[in-house]
Amino acid sequence: MRGSTRPTGQEIRVVVWLLRHPAWALVPVFGLWAVVVWGATAVLSGLGGLVGAVVVWWRAHPASFDRWAAPRVRSVWRRWTVYRGRRWRGVVEDCELTRDNRRTGELLYPRVLRVRSATPSIDTLTVRVVRGQDPAAFTERLPALADALGAHQVAVSRTRPGVVTVIVERQMPFARALDAPAIPSTSADVDLRALDVGDTEYGQPFLIRIQGKQVLVVG
């Protein structure tokens with residue numbers, strides 16, 4: 001008996017996605033409960049106050065915001081606006097990174113498992129490849145993938161069986177070569193717990209701790 005060629009219904013896919021991400025299913029439930037218990041005015045006021053506090057943090061102390069909050073906000077934003085849905089499916093389809101399921105006729109897409117945007121210019125994607133693919137399938141399409149994503153360049157490495165890491169350099173973080181940090185005149189001025197080796201994308205000193213560690217530097 002031959003299997004059906006009809007793809008899984010969209011509503012079933014939504015249910016499966018919610019089962020994989022139960023926290024998102026709780027958001028509307030918690031919102032409705034909060035409105036019932038505290039009232040719509042109190043809930044909206046609380047949300048407004050939370051947004052206001054984040055804006056004040058962003059403006060008042062950029063260093064801590066860029067270190068703790070910005071990467072998380074940026075990761076969620078890009079996960080939902082760039083690396084999922086029709087946008088992502090269009091990218092991998094145009095770059096010939098999809099495969100046909102011969103039994104069902106369904107077009108299979110590599111699935112993004114995680115997005116980490118540690119800096120404004122670098123996105124690190126954890127991607128589950130389609131069964132039968134390997135990192136070479138992505139490596140051969142790197143220039144096309146970079147152009148499709150509007151990125152400066154893209155790199156790929158194998159993480160574990162069936163999963164690859166895709167590093168997307170959206171733009172060059174530095175427009176010019178940076179001057180080397182000044183060399184301290186005496187060893188007493190060197191702090192091995194916070195050694196200045198350059199600048200970050202935000203124009204702040206890039207400090208690394210080398211005391212008690214083994215550090216490999218490649219340039």
# chains A, B, ... in the order shown; residues from 1 in each chain; ligands from 1

call {"tool": "select_by_dssp", "arguments": {"residues": "region 64-209 of chain A", "states": "strand (DSSP E)", "output": "JSON, numbers by chain"}}
result
{"A": [99, 100, 107, 108, 111, 112, 113, 114, 115, 116, 117, 118, 119, 122, 123, 124, 125, 126, 127, 128, 153, 154, 155, 156, 157, 158, 159, 160, 163, 164, 165, 166, 167, 168, 169, 195, 196, 197, 198, 199, 205, 206, 207, 208]}

call {"tool": "residues_around", "arguments": {"residues": "region 59-76 of chain A", "least_positions_apart": "2", "cutoff": "6 Å", "atoms": "only C-alpha atoms", "output": "ChimeraX atom specification"}}
result
/A:56-57,78-79,115-118

call {"tool": "atom_distance", "arguments": {"atom1": "CA of Arg111 (chain A)", "atom2": "CA of Val164 (chain A)"}}
result
10.4 Å

call {"tool": "residues_around", "arguments": {"residues": "Leu142 (chain A)", "least_positions_apart": "4", "cutoff": "9 Å", "atoms": "only C-alpha atoms", "output": "ChimeraX atom specification"}}
result
/A:95,138,146-147,153-156

call {"tool": "atom_distance", "arguments": {"atom1": "CA of Asp123 (chain A)", "atom2": "CA of Ala151 (chain A)"}}
result
10.1 Å

call {"tool": "residues_around", "arguments": {"residues": "Asp191 (chain A)", "least_positions_apart": "2", "cutoff": "10 Å", "atoms": "only C-alpha atoms", "output": "PyMOL selection string"}}
result
chain A and resi 187-189+193-196+207-211

call {"tool": "write_last_selection", "arguments": {"atoms": "N, CA, C and O atoms", "output": "PDB file, in the first residue's frame"}}
result
ATOM      1  N   SER A 187      55.985  46.399  33.891  1.00  0.00           N
ATOM      2  CA  SER A 187      55.152  45.207  34.075  1.00  0.00           C
ATOM      3  C   SER A 187      54.097  45.426  35.154  1.00  0.00           C
ATOM      4  O   SER A 187      53.056  44.765  35.148  1.00  0.00           O
ATOM      5  N   ALA A 188      54.353  46.347  36.082  1.00  0.00           N
ATOM      6  CA  ALA A 188      53.378  46.610  37.143  1.00  0.00           C
ATOM      7  C   ALA A 188      52.093  47.212  36.597  1.00  0.00           C
ATOM      8  O   ALA A 188      51.038  47.129  37.236  1.00  0.00           O
ATOM      9  N   ASP A 189      52.171  47.807  35.417  1.00  0.00           N
ATOM     10  CA  ASP A 189      50.981  48.427  34.811  1.00  0.00           C
ATOM     11  C   ASP A 189      50.137  47.435  34.024  1.00  0.00           C
ATOM     12  O   ASP A 189      49.083  47.797  33.494  1.00  0.00           O
ATOM     13  N   ARG A 193      44.332  40.177  34.557  1.00  0.00           N
ATOM     14  CA  ARG A 193      42.911  39.839  34.712  1.00  0.00           C
ATOM     15  C   ARG A 193      42.038  40.630  33.746  1.00  0.00           C
ATOM     16  O   ARG A 193      40.866  40.297  33.551  1.00  0.00           O
ATOM     17  N   ALA A 194      42.609  41.686  33.145  1.00  0.00           N
ATOM     18  CA  ALA A 194      41.861  42.499  32.177  1.00  0.00           C
ATOM     19  C   ALA A 194      42.867  43.131  31.224  1.00  0.00           C
ATOM     20  O   ALA A 194      43.148  44.326  31.286  1.00  0.00           O
ATOM     21  N   LEU A 195      43.410  42.300  30.335  1.00  0.00           N
ATOM     22  CA  LEU A 195      44.438  42.761  29.409  1.00  0.00           C
ATOM     23  C   LEU A 195      43.779  43.404  28.191  1.00  0.00           C
ATOM     24  O   LEU A 195      42.932  42.813  27.532  1.00  0.00           O
ATOM     25  N   ASP A 196      44.173  44.631  27.896  1.00  0.00           N
ATOM     26  CA  ASP A 196      43.611  45.376  26.761  1.00  0.00           C
ATOM     27  C   ASP A 196      44.294  44.906  25.486  1.00  0.00           C
ATOM     28  O   ASP A 196      45.486  45.124  25.282  1.00  0.00           O
ATOM     29  N   LEU A 207      38.838  43.607  26.653  1.00  0.00           N
ATOM     30  CA  LEU A 207      39.658  43.100  27.744  1.00  0.00           C
ATOM     31  C   LEU A 207      39.493  41.589  27.862  1.00  0.00           C
ATOM     32  O   LEU A 207      38.376  41.075  27.819  1.00  0.00           O
ATOM     33  N   ILE A 208      40.608  40.875  27.999  1.00  0.00           N
ATOM     34  CA  ILE A 208      40.556  39.436  28.201  1.00  0.00           C
ATOM     35  C   ILE A 208      41.330  39.073  29.456  1.00  0.00           C
ATOM     36  O   ILE A 208      42.290  39.741  29.835  1.00  0.00           O
ATOM     37  N   ARG A 209      40.899  38.025  30.101  1.00  0.00           N
ATOM     38  CA  ARG A 209      41.556  37.530  31.305  1.00  0.00           C
ATOM     39  C   ARG A 209      42.459  36.371  30.910  1.00  0.00           C
ATOM     40  O   ARG A 209      41.980  35.352  30.384  1.00  0.00           O
ATOM     41  N   ILE A 210      43.753  36.510  31.137  1.00  0.00           N
ATOM     42  CA  ILE A 210      44.682  35.443  30.786  1.00  0.00           C
ATOM     43  C   ILE A 210      45.340  34.834  32.014  1.00  0.00           C
ATOM     44  O   ILE A 210      46.034  33.824  31.892  1.00  0.00           O
ATOM     45  N   GLN A 211      45.111  35.411  33.172  1.00  0.00           N
ATOM     46  CA  GLN A 211      45.709  34.872  34.395  1.00  0.00           C
ATOM     47  C   GLN A 211      45.091  33.509  34.715  1.00  0.00           C
ATOM     48  O   GLN A 211      43.882  33.364  34.822  1.00  0.00           O
TER      49      GLN A 211
END

call {"tool": "atom_distance", "arguments": {"atom1": "CA of Leu107 (chain A)", "atom2": "CA of Arg141 (chain A)"}}
result
18.5 Å

call {"tool": "select_by_dssp", "arguments": {"residues": "region 13-169 of chain A", "states": "alpha helix (DSSP H)", "output": "PyMOL selection string"}}
result
chain A and resi 13-20+22-38+40-60+62-64+70-81+85-94+135-139+142-149

call {"tool": "residues_around", "arguments": {"residues": "Glu93 (chain A)", "least_positions_apart": "2", "cutoff": "12 Å", "atoms": "only C-alpha atoms", "output": "ChimeraX atom specification"}}
result
/A:86-91,95-100,107-110,141,144-145,148

call {"tool": "residues_around", "arguments": {"residues": "Gly198 (chain A)", "least_positions_apart": "2", "cutoff": "9 Å", "atoms": "only C-alpha atoms", "output": "list in words"}}
result
Leu178, Asp179, Ala180, Pro181, Asp196, Thr200, Gln204, Pro205, Phe206 and Leu207 of chain A

call {"tool": "closest_residue", "arguments": {"among": "A:Ser121, A:Asp94, A:Gly46, A:Val130", "to": "Met172 (chain A)", "atoms": "only C-alpha atoms"}}
result
A:Ser121

call {"tool": "closest_residue", "arguments": {"among": "A:Val51, A:Leu113, A:Val36, A:Leu216", "to": "Gly162 (chain A)", "atoms": "only C-alpha atoms"}}
result
A:Leu113

call {"tool": "closest_residue", "arguments": {"among": "A:Pro22, A:Arg103, A:Gly39, A:Leu149", "to": "Thr81 (chain A)", "atoms": "only C-alpha atoms"}}
result
A:Leu149
